[in-house]
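File shown here: target25.cif, holding mmCIF, C-alpha atoms.
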data_structure
loop_
_atom_site.label_atom_id
_atom_site.label_comp_id
_atom_site.auth_asym_id
_atom_site.auth_seq_id
_atom_site.Cartn_x
_atom_site.Cartn_y
_atom_site.Cartn_z
CA MET A 20 21.70 -25.32 15.04
CA ASN A 21 21.76 -28.86 13.66
CA ALA A 22 22.67 -29.87 10.13
CA GLY A 23 19.04 -30.23 9.02
CA SER A 24 17.98 -26.72 9.94
CA ARG A 25 21.22 -25.27 8.57
CA GLU A 26 20.36 -26.89 5.24
CA ILE A 27 16.83 -25.38 5.42
CA TRP A 28 18.29 -21.90 5.93
CA ARG A 29 20.83 -22.40 3.13
CA GLN A 30 18.01 -23.39 0.80
CA GLY A 31 15.84 -20.42 1.73
CA LEU A 32 18.51 -17.75 1.65
CA TRP A 33 20.69 -18.85 -1.25
CA ASP A 34 20.46 -22.27 -2.94
CA ASN A 35 16.71 -22.20 -3.49
CA ASN A 36 15.82 -18.56 -2.83
CA PRO A 37 12.15 -17.95 -3.78
CA GLY A 38 12.87 -14.64 -5.52
CA LEU A 39 16.16 -15.39 -7.28
CA VAL A 40 16.07 -19.13 -8.00
CA GLN A 41 12.49 -20.35 -7.88
CA LEU A 42 11.39 -17.00 -9.34
CA LEU A 43 8.09 -17.33 -7.49
CA GLY A 44 5.92 -14.52 -6.20
CA LEU A 45 7.12 -12.16 -8.90
CA CYS A 46 3.81 -10.29 -9.10
CA PRO A 47 4.04 -8.70 -5.64
CA LEU A 48 7.83 -8.65 -5.83
CA LEU A 49 7.95 -6.51 -8.96
CA ALA A 50 4.92 -4.42 -8.10
CA VAL A 51 5.90 -3.01 -4.72
CA THR A 52 9.68 -2.67 -4.74
CA GLY A 53 9.72 1.02 -5.68
CA THR A 54 11.34 1.83 -2.35
CA ALA A 55 13.26 -0.05 0.32
CA VAL A 56 10.55 0.56 2.92
CA ASN A 57 7.83 -0.90 0.69
CA GLY A 58 10.03 -3.93 0.11
CA LEU A 59 10.60 -4.33 3.83
CA GLY A 60 6.87 -4.00 4.55
CA LEU A 61 5.78 -6.62 2.05
CA GLY A 62 8.72 -8.82 3.08
CA LEU A 63 7.64 -8.82 6.73
CA ALA A 64 3.98 -9.47 5.89
CA THR A 65 4.89 -12.33 3.55
CA LEU A 66 7.26 -13.81 6.11
CA PHE A 67 4.52 -13.79 8.71
CA VAL A 68 1.92 -15.46 6.48
CA LEU A 69 4.44 -17.99 5.18
CA VAL A 70 5.45 -19.10 8.69
CA ILE A 71 1.86 -19.54 9.88
CA SER A 72 0.63 -21.20 6.70
CA ASN A 73 3.57 -23.66 6.74
CA LEU A 74 2.82 -24.46 10.35
CA ALA A 75 -0.92 -24.93 9.75
CA VAL A 76 -0.42 -27.08 6.67
CA SER A 77 2.15 -29.23 8.46
CA VAL A 78 -0.14 -29.78 11.45
CA MET A 79 -3.05 -30.75 9.18
CA ARG A 80 -1.01 -32.94 6.82
CA GLY A 81 -2.17 -36.22 8.39
CA MET A 82 -5.85 -35.63 7.82
CA ILE A 83 -5.83 -34.30 4.29
CA ARG A 84 -6.16 -36.65 1.35
CA PRO A 85 -4.03 -35.77 -1.67
CA GLU A 86 -7.07 -35.09 -3.90
CA ILE A 87 -8.19 -32.11 -1.87
CA ARG A 88 -4.85 -30.75 -0.71
CA ILE A 89 -4.67 -27.80 -3.13
CA PRO A 90 -8.16 -26.39 -2.25
CA VAL A 91 -7.34 -26.84 1.43
CA PHE A 92 -4.00 -25.02 1.11
CA VAL A 93 -5.61 -22.16 -0.80
CA LEU A 94 -8.36 -21.93 1.81
CA VAL A 95 -5.84 -21.88 4.66
CA ILE A 96 -3.71 -19.20 3.00
CA ALA A 97 -6.66 -16.98 2.04
CA THR A 98 -8.09 -17.26 5.55
CA LEU A 99 -4.77 -16.38 7.15
CA VAL A 100 -4.21 -13.40 4.90
CA THR A 101 -7.69 -12.07 5.69
CA VAL A 102 -7.11 -12.51 9.42
CA VAL A 103 -3.77 -10.67 9.17
CA ASP A 104 -5.44 -7.90 7.18
CA LEU A 105 -8.30 -7.43 9.69
CA VAL A 106 -6.02 -7.55 12.73
CA MET A 107 -3.68 -5.00 11.17
CA GLN A 108 -6.55 -2.68 10.31
CA ALA A 109 -7.80 -2.84 13.87
CA TRP A 110 -4.61 -2.59 15.89
CA PHE A 111 -1.92 -1.27 13.58
CA SER A 112 -3.96 1.06 11.46
CA SER A 113 -1.14 3.39 10.42
CA LEU A 114 0.94 0.42 9.31
CA SER A 115 -2.09 -0.98 7.52
CA GLN A 116 -2.43 2.32 5.65
CA THR A 117 0.99 1.84 4.09
CA LEU A 118 0.83 -1.91 3.64
CA GLY A 119 -2.90 -2.09 2.95
CA ILE A 120 -2.55 -2.71 -0.75
CA PHE A 121 0.18 -5.32 -0.32
CA ILE A 122 -1.58 -7.60 2.13
CA PRO A 123 -4.17 -9.00 -0.33
CA LEU A 124 -1.30 -9.40 -2.80
CA ILE A 125 0.20 -12.05 -0.53
CA VAL A 126 -2.57 -14.44 -1.62
CA THR A 127 -1.23 -14.19 -5.17
CA ASN A 128 2.26 -15.13 -4.01
CA CYS A 129 2.93 -18.62 -5.33
CA THR A 130 5.84 -19.02 -2.91
CA ILE A 131 3.39 -19.65 -0.11
CA LEU A 132 1.39 -22.30 -1.95
CA GLY A 133 4.65 -23.70 -3.30
CA ARG A 134 6.17 -24.16 0.15
CA ALA A 135 2.93 -25.65 1.51
CA GLU A 136 2.91 -28.19 -1.31
CA ALA A 137 6.62 -28.93 -1.63
CA PHE A 138 7.72 -28.79 1.98
CA ALA A 139 5.19 -28.25 4.76
CA SER A 140 2.82 -31.03 3.67
CA ARG A 141 5.61 -33.60 3.97
CA ARG A 142 7.54 -32.53 7.05
CA PRO A 143 6.97 -32.24 10.80
CA ALA A 144 5.82 -28.91 12.22
CA GLY A 145 9.24 -27.84 13.51
CA ASP A 146 10.91 -28.17 10.11
CA ALA A 147 7.96 -26.50 8.38
CA LEU A 148 8.20 -23.54 10.76
CA MET A 149 11.93 -23.23 10.12
CA ASP A 150 11.38 -23.46 6.36
CA GLY A 151 8.76 -20.69 6.53
CA LEU A 152 11.24 -18.48 8.37
CA ALA A 153 14.09 -19.25 5.99
CA GLN A 154 12.13 -18.87 2.75
CA GLY A 155 10.36 -15.77 4.07
CA THR A 156 13.66 -14.18 5.06
CA GLY A 157 15.16 -15.03 1.68
CA PHE A 158 12.20 -13.46 -0.11
CA ALA A 159 12.27 -10.37 2.14
CA ALA A 160 16.00 -9.93 1.51
CA VAL A 161 15.43 -9.87 -2.26
CA LEU A 162 12.58 -7.37 -1.84
CA ILE A 163 14.68 -5.05 0.32
CA VAL A 164 17.77 -5.15 -1.92
CA LEU A 165 15.72 -4.58 -5.09
CA GLY A 166 13.66 -1.84 -3.39
CA ALA A 167 16.78 -0.13 -2.08
CA GLY A 168 18.50 -0.26 -5.48
CA ARG A 169 15.52 1.19 -7.31
CA GLU A 170 15.01 3.84 -4.67
CA ILE A 171 18.66 5.00 -4.73
CA ILE A 172 18.77 5.17 -8.53
CA GLY A 173 15.23 6.45 -9.07
CA HIS A 174 14.65 8.82 -6.17
CA GLY A 175 18.16 9.39 -4.86
CA THR A 176 17.08 8.46 -1.33
CA LEU A 177 17.20 5.39 0.89
CA MET A 178 14.67 4.36 3.53
CA ALA A 179 12.41 7.34 2.76
CA ASP A 180 9.06 7.18 4.61
CA ALA A 181 10.42 4.61 7.06
CA HIS A 182 8.37 6.26 9.81
CA LEU A 183 5.15 5.01 8.20
CA LEU A 184 6.28 1.46 8.81
CA LEU A 185 8.46 1.65 11.89
CA GLY A 186 7.25 4.68 13.84
CA ASP A 187 8.52 8.22 14.28
CA TRP A 188 12.05 7.32 15.38
CA ALA A 189 12.68 5.93 11.91
CA ARG A 190 12.58 9.36 10.26
CA ALA A 191 16.29 9.53 11.05
CA LEU A 192 16.95 6.50 8.84
CA GLU A 193 16.33 8.41 5.64
CA ILE A 194 19.46 9.10 3.63
CA THR A 195 19.50 11.44 0.62
CA PHE A 196 22.13 10.76 -2.02
CA LEU A 197 21.03 12.98 -4.86
CA PRO A 198 19.42 16.40 -4.80
CA GLN A 199 15.70 16.47 -5.60
CA GLN A 200 14.56 15.49 -9.07
CA THR A 201 17.79 14.07 -10.42
CA GLY A 202 16.96 10.37 -10.10
CA LEU A 203 16.61 8.10 -13.10
CA LEU A 204 12.87 7.75 -13.50
CA LEU A 205 13.12 4.41 -15.32
CA ALA A 206 14.27 2.67 -12.14
CA VAL A 207 11.04 3.52 -10.31
CA LEU A 208 8.73 2.61 -13.18
CA PRO A 209 7.79 -1.04 -13.88
CA PRO A 210 10.63 -1.70 -16.38
CA GLY A 211 13.08 -0.83 -13.61
CA ALA A 212 11.69 -3.69 -11.54
CA PHE A 213 12.29 -6.22 -14.30
CA ILE A 214 15.75 -4.90 -15.14
CA GLY A 215 16.73 -4.77 -11.46
CA LEU A 216 15.56 -8.31 -10.75
CA GLY A 217 17.29 -9.53 -13.92
CA LEU A 218 20.57 -7.99 -12.76
CA MET A 219 20.20 -9.59 -9.33
CA VAL A 220 19.56 -13.03 -10.84
CA ALA A 221 22.55 -12.54 -13.16
CA ALA A 222 24.80 -11.51 -10.26
CA ARG A 223 23.77 -14.57 -8.27
CA ASN A 224 24.38 -16.88 -11.25
CA ARG A 225 27.83 -15.37 -11.75
CA ILE A 226 28.79 -15.98 -8.12
CA VAL A 227 27.51 -19.56 -8.31
CA ARG A 228 29.44 -20.25 -11.52
CA ARG A 229 32.66 -18.70 -10.19
CA ARG A 230 32.47 -20.91 -7.14
CA ALA A 231 31.81 -24.03 -9.19
CA GLU A 232 34.79 -23.24 -11.46
CA ARG A 233 37.05 -22.69 -8.49
CA THR A 234 36.02 -25.97 -6.89
CA GLU A 235 36.60 -27.76 -10.16
CA ALA A 236 40.02 -26.19 -10.60
CA ALA A 237 40.96 -27.15 -7.06
CA MET A 238 39.89 -30.72 -7.68
CA GLN A 239 41.86 -30.90 -10.92
CA SER A 240 45.03 -29.58 -9.36
CA ARG A 241 44.62 -32.06 -6.52
CA ALA A 242 44.18 -34.84 -9.07
CA GLN A 243 47.34 -33.74 -10.90
CA ALA A 244 49.30 -33.59 -7.67
CA ALA A 245 48.23 -37.12 -6.89
CA MET B 4 -15.10 -40.04 -1.31
CA LEU B 5 -17.64 -39.02 1.28
CA LYS B 6 -14.92 -38.77 3.90
CA THR B 7 -12.82 -36.57 1.61
CA LEU B 8 -15.74 -34.25 1.00
CA SER B 9 -16.58 -34.00 4.65
CA THR B 10 -12.94 -33.16 5.48
CA LEU B 11 -13.03 -30.35 2.96
CA GLY B 12 -16.39 -29.18 4.29
CA LEU B 13 -15.15 -29.28 7.85
CA ILE B 14 -12.06 -27.24 7.04
CA GLY B 15 -14.23 -24.78 5.14
CA LEU B 16 -16.51 -24.44 8.15
CA LEU B 17 -13.55 -23.94 10.47
CA ALA B 18 -12.17 -21.23 8.20
CA ALA B 19 -15.58 -19.52 8.05
CA ALA B 20 -15.93 -19.69 11.83
CA LEU B 21 -12.45 -18.26 12.36
CA LEU B 22 -13.10 -15.43 9.92
CA SER B 23 -16.47 -14.49 11.44
CA GLY B 24 -14.89 -14.54 14.89
CA VAL B 25 -12.05 -12.25 13.83
CA HIS B 26 -14.49 -10.03 11.96
CA LEU B 27 -16.72 -9.62 15.03
CA ALA B 28 -13.72 -8.98 17.26
CA THR B 29 -12.23 -6.33 14.99
CA ARG B 30 -15.31 -4.71 13.45
CA ASP B 31 -15.86 -1.92 15.95
CA ARG B 32 -12.19 -1.11 16.28
CA ILE B 33 -11.73 -0.91 12.52
CA ALA B 34 -14.73 1.39 12.17
CA SER B 35 -13.47 3.73 14.89
CA GLU B 36 -9.93 3.69 13.51
CA GLN B 37 -11.23 4.60 10.05
CA GLN B 38 -13.27 7.41 11.53
CA ARG B 39 -10.24 8.68 13.43
CA GLN B 40 -8.17 8.63 10.27
CA ALA B 41 -10.82 10.36 8.21
CA LEU B 42 -10.98 13.07 10.88
CA ALA B 43 -7.19 13.40 10.96
CA THR B 44 -7.26 13.99 7.21
CA LEU B 45 -9.86 16.74 7.56
CA ASN B 46 -7.90 18.30 10.42
CA GLN B 47 -4.89 18.80 8.15
CA LEU B 48 -6.77 21.66 6.57
CA VAL B 49 -9.19 22.80 9.27
CA PRO B 50 -7.58 22.33 12.70
CA GLU B 51 -9.64 21.00 15.58
CA SER B 52 -9.51 24.30 17.45
CA GLU B 53 -11.45 26.10 14.73
CA TYR B 54 -14.73 24.19 14.98
CA ASP B 55 -16.84 22.55 17.68
CA ASN B 56 -19.30 20.37 15.77
CA GLN B 57 -19.06 16.66 14.90
CA LEU B 58 -17.24 17.39 11.65
CA ILE B 59 -17.18 13.80 10.46
CA GLU B 60 -20.95 13.38 10.94
CA ASP B 61 -21.93 16.75 9.47
CA ARG B 62 -21.71 15.59 5.90
CA PHE B 63 -23.75 15.09 2.78
CA ASN B 64 -23.18 13.78 -0.73
CA ALA B 65 -23.24 16.12 -3.67
CA SER B 66 -22.69 15.62 -7.33
CA ILE B 67 -20.40 18.30 -8.66
CA SER B 68 -20.28 18.76 -12.39
CA GLY B 69 -16.97 17.78 -13.96
CA LEU B 70 -16.06 15.45 -11.09
CA ALA B 71 -16.65 11.74 -10.54
CA ALA B 72 -19.76 11.34 -8.38
CA PRO B 73 -20.51 11.39 -5.60
CA SER B 74 -18.44 13.93 -3.72
CA THR B 75 -18.66 14.09 0.04
CA ILE B 76 -19.02 17.49 1.65
CA TYR B 77 -18.12 18.05 5.32
CA ARG B 78 -19.06 21.20 7.19
CA ALA B 79 -17.17 22.76 10.09
CA ARG B 80 -19.14 25.02 12.44
CA MET B 81 -18.33 26.99 15.57
CA ASP B 82 -21.28 27.81 17.86
CA ASP B 83 -23.55 26.74 14.98
CA GLU B 84 -21.99 29.38 12.73
CA PRO B 85 -20.47 28.06 9.46
CA VAL B 86 -16.65 28.09 9.52
CA ALA B 87 -15.49 26.06 6.57
CA LEU B 88 -16.52 23.48 4.04
CA LEU B 89 -14.41 20.46 3.07
CA ALA B 90 -15.02 18.63 -0.17
CA ASP B 91 -13.70 15.10 -0.65
CA VAL B 92 -13.75 14.83 -4.45
CA THR B 93 -12.39 12.56 -7.15
CA THR B 94 -11.39 13.64 -10.63
CA ALA B 95 -11.11 11.08 -13.42
CA ASP B 96 -8.89 13.36 -15.54
CA GLY B 97 -5.55 12.28 -14.07
CA TYR B 98 -2.76 10.95 -16.26
CA SER B 99 -3.13 7.44 -14.86
CA GLY B 100 -6.44 6.99 -13.14
CA ASP B 101 -8.38 8.86 -10.52
CA ILE B 102 -6.99 11.58 -8.29
CA ARG B 103 -8.77 12.01 -4.96
CA LEU B 104 -8.51 15.48 -3.47
CA LEU B 105 -9.62 17.22 -0.31
CA VAL B 106 -10.51 20.87 -0.94
CA ALA B 107 -11.21 23.17 2.01
CA LEU B 108 -13.11 26.41 1.42
CA ALA B 109 -13.80 29.29 3.78
CA THR B 110 -17.42 30.48 3.87
CA ASP B 111 -16.60 33.37 1.51
CA GLY B 112 -15.45 30.90 -1.14
CA GLU B 113 -11.72 31.34 -0.65
CA VAL B 114 -9.56 28.19 -0.81
CA ILE B 115 -8.10 27.33 2.60
CA GLY B 116 -6.04 24.54 1.15
CA VAL B 117 -5.99 21.50 -1.10
CA ARG B 118 -4.49 18.07 -0.36
CA VAL B 119 -4.11 14.98 -2.52
CA LEU B 120 -5.58 11.95 -0.76
CA GLU B 121 -4.98 9.27 -3.40
CA HIS B 122 -3.42 9.21 -6.85
CA ARG B 123 -1.44 7.02 -9.22
CA GLU B 124 0.41 9.67 -11.18
CA THR B 125 3.92 9.06 -12.51
CA PRO B 126 6.55 8.85 -9.76
CA GLY B 127 9.00 11.71 -10.07
CA LEU B 128 6.75 13.82 -12.32
CA GLY B 129 3.03 13.85 -11.53
CA ASP B 130 3.55 12.86 -7.91
CA GLN B 131 4.83 16.38 -7.20
CA ILE B 132 1.18 17.20 -6.46
CA GLU B 133 1.76 15.58 -3.06
CA LEU B 134 2.63 18.12 -0.40
CA LYS B 135 5.48 15.97 0.89
CA ARG B 136 7.14 16.08 -2.53
CA SER B 137 6.68 19.71 -3.47
CA ASP B 138 4.87 22.89 -2.52
CA TRP B 139 3.00 22.97 -5.82
CA ILE B 140 -0.38 22.20 -4.22
CA ARG B 141 -0.06 25.26 -1.95
CA GLN B 142 -0.47 27.65 -4.89
CA PHE B 143 -4.24 27.34 -4.51
CA ASP B 144 -4.23 28.64 -0.92
CA GLY B 145 -6.13 31.92 -0.67
CA LYS B 146 -7.37 31.81 -4.26
CA SER B 147 -11.04 31.98 -5.19
CA LEU B 148 -13.28 32.06 -8.25
CA GLY B 149 -12.64 35.66 -9.27
CA GLU B 150 -9.14 35.85 -7.92
CA PRO B 151 -7.93 34.80 -10.49
CA PRO B 152 -11.00 35.07 -12.78
CA ALA B 153 -12.77 31.87 -13.80
CA GLN B 154 -11.23 31.63 -17.27
CA ALA B 155 -7.73 31.82 -15.76
CA TRP B 156 -8.37 28.75 -13.57
CA ALA B 157 -6.15 26.48 -15.62
CA ALA B 158 -2.54 25.37 -15.75
CA ASP B 159 -0.30 28.05 -17.31
CA ARG B 160 0.83 25.62 -19.99
CA ARG B 161 -2.79 25.80 -21.11
CA GLY B 162 -3.13 29.53 -20.83
CA GLY B 163 -4.18 29.77 -17.19
CA ALA B 164 -2.78 31.48 -14.12
CA PHE B 165 -1.50 28.42 -12.27
CA ASP B 166 1.94 26.91 -12.37
CA THR B 167 2.27 23.68 -14.38
CA LEU B 168 4.45 20.86 -13.09
CA SER B 169 7.09 20.14 -15.71
CA SER B 170 6.28 17.05 -17.81
CA ALA B 171 2.98 16.69 -15.95
CA THR B 172 0.61 19.05 -17.74
CA ILE B 173 -2.29 16.59 -17.64
CA THR B 174 -1.88 16.00 -13.91
CA SER B 175 -1.56 19.72 -13.16
CA SER B 176 -4.63 20.50 -15.25
CA ALA B 177 -6.69 17.75 -13.64
CA VAL B 178 -6.03 19.10 -10.15
CA THR B 179 -6.57 22.73 -11.14
CA GLU B 180 -9.82 21.90 -12.92
CA ALA B 181 -11.04 19.85 -9.96
CA VAL B 182 -10.47 22.76 -7.55
CA LYS B 183 -12.20 25.08 -9.97
CA ASN B 184 -15.21 22.73 -10.22
CA VAL B 185 -15.53 22.64 -6.44
CA LEU B 186 -15.41 26.46 -6.33
CA ALA B 187 -18.03 26.71 -9.08
CA TRP B 188 -20.29 24.28 -7.23
CA TYR B 189 -19.91 26.25 -4.01
CA SER B 190 -20.67 29.59 -5.60
CA ALA B 191 -23.87 28.11 -7.06
CA ASN B 192 -24.89 26.47 -3.77
CA ARG B 193 -23.54 29.04 -1.33
CA ASP B 194 -26.92 29.80 0.22
CA ASN B 195 -27.92 26.26 1.05
CA ALA B 196 -24.58 24.43 1.43
CA PHE B 197 -24.66 24.84 5.19
CA GLY B 198 -28.40 24.24 5.44
CA ILE B 199 -28.68 20.75 3.93
CA THR B 200 -29.39 18.11 6.57
CA ALA B 201 -26.52 15.77 7.29
CA GLU B 202 -26.75 12.32 5.73
CA PRO B 203 -25.82 9.16 7.62
CA ARG B 204 -22.44 7.60 6.98
CA ASN B 205 -21.60 4.76 4.61
CA THR B 206 -23.68 5.85 1.64
CA SER B 207 -20.62 6.90 -0.29
CA ASN B 208 -17.78 5.55 1.80
CA ALA B 209 -16.94 2.19 0.25
CA LYS B 210 -14.48 1.42 3.02
CA SER B 211 -17.05 1.70 5.80
CA GLY B 212 -16.65 -0.71 8.69
CA ASP B 213 -19.63 -2.90 7.81
CA THR B 214 -18.16 -4.68 4.86
CA GLY B 215 -16.60 -7.92 5.99
CA ASN B 216 -14.38 -8.21 2.96
CA PRO B 217 -11.72 -5.53 2.83
#

Would you mind writing the file's structure down as structure tokens?
Amino acid sequence: MNAGSREIWRQGLWDNNPGLVQLLGLCPLLAVTGTAVNGLGLGLATLFVLVISNLAVSVMRGMIRPEIRIPVFVLVIATLVTVVDLVMQAWFSSLSQTLGIFIPLIVTNCTILGRAEAFASRRPAGDALMDGLAQGTGFAAVLIVLGAGREIIGHGTLMADAHLLLGDWARALEITFLPQQTGLLLAVLPPGAFIGLGLMVAARNRIVRRRAERTEAAMQSRAQAA
Amino acid sequence: MLKTLSTLGLIGLLAAALLSGVHLATRDRIASEQQRQALATLNQLVPESEYDNQLIEDRFNASISGLAAPSTIYRARMDDEPVALLADVTTADGYSGDIRLLVALATDGEVIGVRVLEHRETPGLGDQIELKRSDWIRQFDGKSLGEPPAQAWAADRRGGAFDTLSSATITSSAVTEAVKNVLAWYSANRDNAFGITAEPRNTSNAKSGDTGNP
């Protein structure tokens, strides 16, 4: 992996994570993260659309004048989401049953338009593809962690209903931490989504600040030694 | 300016062409998948071995008092003899929005079973009406309008004979009332419920395969 693509991955997963730093796509992010499996499902669907839309926008970037770029991007994204939705209904109908409500939500995800505008419309196709993968993975990771946290606290389980997404073998993935009915309901309800995301953003900020302080301290001690 | 417009138009046309192509390619498969799923739902309550007619086609729309219209009634028959009746009904009395239920009745008016198809009740409280979360919904099995008597068809928190989910009285009542309404409709229409001619699909089913926009 060369330095350029390593930087793209760093941006997507940590430095410029769509969920934790850009705070984009919050509507689907907060709405569906009641369980880890829901988070994983929306994460995968978003990743897929983001990769293809980045690629399409990058390929078309030469022929689009700046005045019409936003309508074109929106058209491309809406078309792709509809295609994904129809294909899933036809060939993966059980998956589409679980994810059905999330797929149209992807259109409302500003991350996708944001990446088309900020990255894919200025870079060659290879970079745009990589950026789609990196940003999509970063977004999916936030969805899964938030979903898992809310599920453990709210329902006392982890990966419940995984078979709806991954097939029958995945029933074995379910872990129960708490006996039935003892979860904290707040975590599953909408406020839990906001509080959970807030805590995740705070945790990330703390790590970033710690690191910055440590680097600064190291530089100071080096300066003193010299 | 003209060039810009024609670019936009061209991309719009391309998108439209792509979408119609995908729609044509997937239309039949989506319709048959939806049919298969609808049938699988019905088979939860009346297994395939108990009837020999085209269950999914043997349907008509009814308006049942107390329930959001229209309800879809499916009829299961064996050798042209009535076996069971399945009502796909929606009640608007849920705690947060509609609850869609499937109620299966034997020909004598006894409840074979009830399942929740769609709901948006509170997670952890009202969602106990789902079979995968609790056995609450099974309490209707084998009951009928008379056993218990009609006035006892209510949640016990409201003076009826049926168990109330804790902290979900409204949800419990909505489901109990809906089952009762189906039973009342059946007892009034018992003589002709199996005689009404079947209606073609997609009069009530909003998700039928013909709509291009999901």

(message) What would the selection look like, as an MDAnalysis selection string, if the PyMOL selection byres ((chain A) within 10 of (chain B)) were run on the coordinates I just shared?
(response) chainID A and resid 53 79 82:88 90:91 94:95 97:99 101:113 116 119 123 173:174 199:205 207:208

- [ ] Run the PyMOL selection byres ((chain B and resi 156-166) around 8) against the file shown and list the residues it catches, as a list in words.
- [x]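 Output of the PyMOL selection byres ((chain B and resi 156-166) around 8): Trp139, Gln142, Leu148, Pro151, Pro152, Ala153, Gln154, Ala155, Thr167, Leu168, Thr172, Ser175, Ser176, Thr179, Glu180 and Lys183 of chain B.
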
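Within the file as shown, the PyMOL selection byres ((chain A and resi 178) around 10) identifies Thr54, Ala55, Val56, Asn57, Leu59, Ile163, Gly166, Ala167, Glu170, Ile171, Thr176, Leu177, Ala179, Asp180, Ala181, His182, Ala189, Arg190, Ala191, Leu192, Glu193, Ile194 and Thr195 of chain A.
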
Notebook entry, point to check: To one decimal place, how far is CA of Ile173 in chain B from CA of Gly69 in chain B in Å?
Noted result: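 Computing it gives 15.2 Å between the two atoms.
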
| Distance of CA of Leu184 in chain A from CA of Gly62 in chain A, expressed in Å to one decimal place |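 CA of Leu184 in chain A lies 12.0 Å from CA of Gly62 in chain A.
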
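Nearest residue to Glu124 in chain B among B:Ala95, B:Ala20, B:Leu70, B:Leu108 is B:Ala95, counting all atoms listed in the file.
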
#### Entry: range 22-26 of chain A surroundings by all atoms listed in the file, 12 Å radius, close-in-sequence under 6 positions cut, as a count of residues only
15
